[in-house]
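Structure first, commentary second.
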2 protein chains.
Amino acid sequence: MADNTNDERPVGTRELQRLETRRTLAEHAIRLFGERGFDQTTVDEIAAAAGVSTRTFFLHFPTKAAAAFPDHGERVALFIGRLADGAPPVNPMLHLRSVLLAGFDTTSPSRLTRSRLLAQVPELRDEDARTDRDYEVAIATFLGRHWGDEPEAALRANAIANAVIGVVRATLIAAGEQGIDARAVTAEILGRMLGTPFDEPLHSM
Amino acid sequence: MADNTNDERPVGTRELQRLETRRTLAEHAIRLFGERGFDQTTVDEIAAAAGVSTRTFFLHFPTKAAAAFPDHGERVALFIGRLADGAPPVNPMLHLRSVLLAGFDTTSPSRLTRSRLLAQVPELRDEDARTDRDYEVAIATFLGRHWGDEPEAALRANAIANAVIGVVRATLIAAGEQGIDARAVTAEILGRMLGTPFDEPLHSM
DNA sequence: CCTGGTTGGTACAGTCAGTGCAGTATTGAC
DNA sequence: GTCAATACTGCACTGACTGTACCAACCAGG
């Protein structure tokens with residue numbers, strides 16, 4: 001066993017070929033979804049366009065829709081890393097807000113592709129909502145670390161996570177349109193939602 | 001043509017039989033989902049348990065999952081009616097909050113069934129999120145009536161709708177558990193989220 | 001080298017959700 | 001009583017996804 005203390009990719013011909021196949025599949029899937037729509041594209045067609053068998057498609061992606069978001073795993077990992085980064089924040093809600101807004105600042109090409117695809121292919125929004133569950137879990141876990149895991153605190157963490165993700169998803173889908181400053185709207189709404197300190201009780205209801 | 005000025009149900013033997021078939025299908029679907037899980041139940045089994053053909057199932061429900069929420073349409077209609085009820089509210093956000101909380105007060109048996117089923121059968125949560133889109137549209141439309149339909153106002157309405165539905169969904173799923181006052185948690189979070197007036201600009205970001 | 005286990009991909013058969021269509025039988029309006 | 005509307009059925013089909021056996025290229029170890 002090689003002394004791989006760090007988790008370097010063991011880059012061999014095999015691994016490279018596999019990643020290339022995966023990349024090609026996703027590329028053609030996104031292209032075809034955009035050209036014809038999601039329902040008008042079959043997995044057979046995607047596989048054929050990528051030059052592999054249909055069965056191979058499902059060795060790389062669990063569902064047809066998953067091919068539209070090939071870097072989902074990495075993005076979630078990045079988000080979790082950012083949430084856990086640095087010293088424990090004084091106000092977790094403000095930390096959460098700044099991490100969420102940081103996602104708007106990094107203009108990765110894949111984010112633009114994703115926004116455009118979601119705005120263009122409505123059938124993919126359901127799948128998007130499904131994958132967003134990973135972010136919800138990440139946020140709820142993060143908040144749970146600060147609020148404890150009593151049932152009511154957990155429920156609150158869950159509800160906040162749902163709400164926050166809802167805001168970000170809505171704005172990210174619209175982010176492709178002209179003349180909309182999605183980041184500003186997100187910042188404003190999150191500011192109102194998360195600005196009040198949730199660590200102190202609220203009795204004026 | 002009879003002078004049906006009001007929209008009374010034309011109750012005939014046929015209509016009754018149809019409603020009964022639909023009810024039976026939903027009843028067995030919910031039972032089987034609870035007993036074996038969603039993926040372990042086939043539409044064939046549901047139809048057989050209800051004593052009809054498989055094809056008939058799809059005359060009553062568009063998807064397998066839809067049978068788990070047979071009264072979804074009525075509930076959405078009720079919600080929309082409550083939103084539009086009365087004079088135009090002074091503060092639409094507060095009106096929205098009170099309508100949402102009213103949903104907790106009416107302890108309909110179907111709501112309890114739904115909560116229990118969602119807590120028990122995780123595969124149905126995706127479908128739940130999908131059907132919740134109808135509520136999102138209703139809320140966004142309602143807010144749009146007050147805020148106008150400029151792109152940024154529409155985006156804000158959409159984002160708020162997403163957030164609010166996220167909170168309610170999270171709490172409703174947990175509502176079946178013991179010792180959790182889901183309504184109180186929802187009221188508190190919505191109070192913080194919607195309490196500040198969104199009609200005035202916020203400059204302290 | 002070479003040899004043998006690992007692994008990316010294939011072929012094939014199968015399950016299940018969902019649709020289109022042609023047909024039957026009961027119902028209800030005139 | 002007749003005839004159209006309609007609740008339901010049977011059948012054939014598409015398309016997503018899975019299990020399994022198999023091939024072939026790769027990448028050790030000696």
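Residue numbering restarts at 1 for every chain of the structure tokens, chains are lettered A, B, ... in their displayed order, and ligands are numbered from 1 as they appear.
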Excluding DC2 (chain C) and any residue of its chain fewer than 4 positions from it, enumerate the residues within 12 Å of it, using only C-alpha atoms (C1' of nucleotides), and give them as a list of chain:residue names. D:DA28, D:DG29, D:DG30
Store the residues picked out above, limited to N, CA and C atoms (P, O5', C5', C4', C3', O3' and C1' of nucleotides), as a compact mmCIF listing (two decimals), in the first residue's frame.
# COMPACT_ATOMS: atom_id res chain seq x y z
P DA D 28 -0.55 -0.23 -10.34
O5' DA D 28 0.40 -1.49 -10.53
C5' DA D 28 1.11 -2.03 -9.43
C4' DA D 28 0.24 -2.98 -8.64
C3' DA D 28 1.05 -4.09 -7.97
O3' DA D 28 0.83 -4.04 -6.56
C1' DA D 28 -0.39 -4.99 -9.70
P DG D 29 2.12 -4.25 -5.60
O5' DG D 29 2.53 -5.80 -5.85
C5' DG D 29 1.70 -6.83 -5.31
C4' DG D 29 2.19 -8.16 -5.82
C3' DG D 29 3.71 -8.35 -5.73
O3' DG D 29 4.02 -9.10 -4.56
C1' DG D 29 2.94 -8.87 -7.94
P DG D 30 5.51 -9.36 -4.16
O5' DG D 30 6.04 -10.35 -5.30
C5' DG D 30 5.58 -11.70 -5.33
C4' DG D 30 5.85 -12.30 -6.70
C3' DG D 30 7.30 -12.80 -6.88
O3' DG D 30 7.27 -14.18 -7.18
C1' DG D 30 6.60 -11.49 -8.75
Could you build a table of the residues in chain D lying no more than 12 Å from chain B, giving for each the nearest pair of atoms and their separation in Å rounded to one decimal place, using only C-alpha atoms (C1' of nucleotides), ordered by chain and ascending residue number, as a Markdown table?
| residue | atom | partner | partner_atom | distance |
| --- | --- | --- | --- | --- |
| D:DA5 | C1' | B:Arg14 | CA | 11.2 |
| D:DT6 | C1' | B:Arg14 | CA | 8.4 |
| D:DA7 | C1' | B:Arg18 | CA | 7.0 |
| D:DC8 | C1' | B:Thr56 | CA | 6.5 |
| D:DT9 | C1' | B:Ser53 | CA | 6.8 |
| D:DG10 | C1' | B:Arg55 | CA | 8.9 |
| D:DC11 | C1' | B:Arg55 | CA | 10.7 |
Compile the residues of chain B that lie within 6 Å of chain A, evaluated using only C-alpha atoms, and express the compilation as JSON, numbers by chain. {"B": [159, 162, 163, 166, 167, 170, 193]}
Per residue of chain C within 10 Å of chain B, record the nearest atom pair and its distance in Å to one decimal, counting only C-alpha atoms (C1' of nucleotides), with rows in chain order and ascending residue number, as CSV.
residue,atom,partner,partner_atom,distance
C:DC16,C1',B:Thr42,CA,7.4
C:DA17,C1',B:Lys64,CA,7.8
C:DG18,C1',B:Thr63,CA,7.7
C:DT19,C1',B:Phe58,CA,9.5
C:DT26,C1',B:Arg14,CA,8.8
C:DT27,C1',B:Arg14,CA,6.8
C:DG28,C1',B:Gly12,CA,8.8
C:DA29,C1',B:Met1,CA,9.9
Keeping only N, CA and C atoms (P, O5', C5', C4', C3', O3' and C1' of nucleotides), write the selected residues to a file as a short mmCIF file (atom, residue, chain, number, x, y, z; two decimals), in the first residue's frame.
data_model
loop_
_atom_site.label_atom_id
_atom_site.label_comp_id
_atom_site.auth_asym_id
_atom_site.auth_seq_id
_atom_site.Cartn_x
_atom_site.Cartn_y
_atom_site.Cartn_z
P DC C 16 -42.59 -5.85 -10.52
"O5'" DC C 16 -42.84 -4.30 -10.85
"C5'" DC C 16 -41.85 -3.35 -10.48
"C4'" DC C 16 -42.14 -2.04 -11.15
"C3'" DC C 16 -43.63 -1.68 -11.21
"O3'" DC C 16 -43.79 -0.36 -10.76
"C1'" DC C 16 -42.64 -1.44 -13.32
P DA C 17 -45.23 0.24 -10.37
"O5'" DA C 17 -45.20 1.63 -11.14
"C5'" DA C 17 -44.11 2.50 -10.90
"C4'" DA C 17 -44.06 3.56 -11.99
"C3'" DA C 17 -45.35 4.33 -12.20
"O3'" DA C 17 -45.02 5.68 -12.44
"C1'" DA C 17 -44.72 3.26 -14.22
P DG C 18 -46.12 6.82 -12.33
"O5'" DG C 18 -46.69 6.85 -13.82
"C5'" DG C 18 -45.90 7.46 -14.81
"C4'" DG C 18 -46.44 7.12 -16.17
"C3'" DG C 18 -47.90 7.53 -16.43
"O3'" DG C 18 -47.88 8.58 -17.39
"C1'" DG C 18 -47.33 5.45 -17.41
P DT C 19 -49.22 9.18 -17.99
"O5'" DT C 19 -49.31 8.45 -19.40
"C5'" DT C 19 -48.21 8.54 -20.29
"C4'" DT C 19 -48.63 8.07 -21.67
"C3'" DT C 19 -50.00 8.56 -22.12
"O3'" DT C 19 -49.89 8.97 -23.47
"C1'" DT C 19 -49.92 6.21 -22.23
P DT C 26 -74.07 -4.17 -17.72
"O5'" DT C 26 -74.49 -2.97 -16.76
"C5'" DT C 26 -73.46 -2.31 -16.02
"C4'" DT C 26 -73.65 -0.82 -16.11
"C3'" DT C 26 -75.06 -0.32 -15.79
"O3'" DT C 26 -74.99 0.44 -14.60
"C1'" DT C 26 -74.11 0.83 -17.63
P DT C 27 -76.32 0.98 -13.88
"O5'" DT C 27 -76.36 2.52 -14.31
"C5'" DT C 27 -75.17 3.30 -14.21
"C4'" DT C 27 -75.35 4.59 -14.97
"C3'" DT C 27 -76.65 5.33 -14.66
"O3'" DT C 27 -76.33 6.64 -14.26
"C1'" DT C 27 -76.29 5.19 -16.99
P DG C 28 -77.31 7.47 -13.30
"O5'" DG C 28 -77.80 8.63 -14.27
"C5'" DG C 28 -76.85 9.30 -15.08
"C4'" DG C 28 -77.54 9.92 -16.27
"C3'" DG C 28 -78.90 10.55 -15.98
"O3'" DG C 28 -78.98 11.76 -16.70
"C1'" DG C 28 -79.11 9.05 -17.75
P DA C 29 -79.84 13.01 -16.15
"O5'" DA C 29 -80.13 13.86 -17.48
"C5'" DA C 29 -79.11 13.96 -18.47
"C4'" DA C 29 -79.73 14.02 -19.86
"C3'" DA C 29 -81.06 14.77 -19.93
"O3'" DA C 29 -81.06 15.64 -21.05
"C1'" DA C 29 -81.30 12.61 -20.84
#
For CA of Arg116 (chain B) and CA of Ala68 (chain B), quote the distance in Å rounded to one decimal. 11.5 Å
With a distance cut-off of 12 Å and only C-alpha atoms (C1' of nucleotides), select the neighbouring residues of Ala84 (chain A), excluding the residue or stretch itself and same-chain residues fewer than 6 positions from it, and output the selection as a PDB file with N, CA and C atoms, in the first residue's frame.
ATOM      1  N   ALA A  77     -20.076  19.423  -1.033  1.00  0.00           N
ATOM      2  CA  ALA A  77     -18.899  19.283  -0.177  1.00  0.00           C
ATOM      3  C   ALA A  77     -18.250  20.643   0.079  1.00  0.00           C
ATOM      4  N   LEU A  78     -18.168  21.450  -0.968  1.00  0.00           N
ATOM      5  CA  LEU A  78     -17.607  22.789  -0.827  1.00  0.00           C
ATOM      6  C   LEU A  78     -18.424  23.613   0.161  1.00  0.00           C
ATOM      7  N   PRO A  92     -24.432  32.026  14.546  1.00  0.00           N
ATOM      8  CA  PRO A  92     -24.464  31.039  13.453  1.00  0.00           C
ATOM      9  C   PRO A  92     -25.331  31.489  12.277  1.00  0.00           C
ATOM     10  N   HIS A  95     -23.353  33.770  10.097  1.00  0.00           N
ATOM     11  CA  HIS A  95     -22.352  32.974   9.388  1.00  0.00           C
ATOM     12  C   HIS A  95     -23.001  32.249   8.216  1.00  0.00           C
ATOM     13  N   LEU A  96     -24.153  31.643   8.473  1.00  0.00           N
ATOM     14  CA  LEU A  96     -24.881  30.935   7.414  1.00  0.00           C
ATOM     15  C   LEU A  96     -25.195  31.867   6.248  1.00  0.00           C
ATOM     16  N   VAL A  99     -22.072  32.577   4.201  1.00  0.00           N
ATOM     17  CA  VAL A  99     -21.660  31.426   3.386  1.00  0.00           C
ATOM     18  C   VAL A  99     -22.581  31.289   2.171  1.00  0.00           C
ATOM     19  N   ALA A 138     -27.229  19.704   5.357  1.00  0.00           N
ATOM     20  CA  ALA A 138     -26.001  20.366   5.794  1.00  0.00           C
ATOM     21  C   ALA A 138     -26.315  21.536   6.717  1.00  0.00           C
ATOM     22  N   ILE A 139     -27.284  22.343   6.323  1.00  0.00           N
ATOM     23  CA  ILE A 139     -27.638  23.520   7.130  1.00  0.00           C
ATOM     24  C   ILE A 139     -28.239  23.101   8.462  1.00  0.00           C
ATOM     25  N   THR A 141     -27.776  20.379  10.048  1.00  0.00           N
ATOM     26  CA  THR A 141     -26.710  19.825  10.894  1.00  0.00           C
ATOM     27  C   THR A 141     -25.878  20.941  11.516  1.00  0.00           C
ATOM     28  N   PHE A 142     -25.540  21.921  10.697  1.00  0.00           N
ATOM     29  CA  PHE A 142     -24.759  23.059  11.178  1.00  0.00           C
ATOM     30  C   PHE A 142     -25.497  23.783  12.305  1.00  0.00           C
ATOM     31  N   LEU A 143     -26.762  24.080  12.102  1.00  0.00           N
ATOM     32  CA  LEU A 143     -27.532  24.786  13.126  1.00  0.00           C
ATOM     33  C   LEU A 143     -27.708  23.912  14.362  1.00  0.00           C
ATOM     34  N   ARG A 145     -25.632  21.859  15.557  1.00  0.00           N
ATOM     35  CA  ARG A 145     -24.413  21.890  16.366  1.00  0.00           C
ATOM     36  C   ARG A 145     -24.440  23.045  17.353  1.00  0.00           C
ATOM     37  N   HIS A 146     -25.158  24.120  17.023  1.00  0.00           N
ATOM     38  CA  HIS A 146     -25.189  25.292  17.892  1.00  0.00           C
ATOM     39  C   HIS A 146     -26.398  25.311  18.801  1.00  0.00           C
TER      40      HIS A 146
END
Would you kindly return, as an MDAnalysis selection string, each protein, DNA or RNA residue with an atom no farther than 10 Å from any atom of DA24 (chain D), considering only C-alpha atoms (C1' of nucleotides) and excluding same-chain residues fewer than 2 positions away? (chainID C and resid 8:9) or (chainID D and resid 22 26)
Could you pull out the helix (DSSP H, G or I) residues of region 41-195 of chain B, going by DSSP on the backbone, and write them as a ChimeraX atom specification? /B:43-50,54-60,65-68,72-84,92-105,109-120,123-131,133-147,151-174,182-195
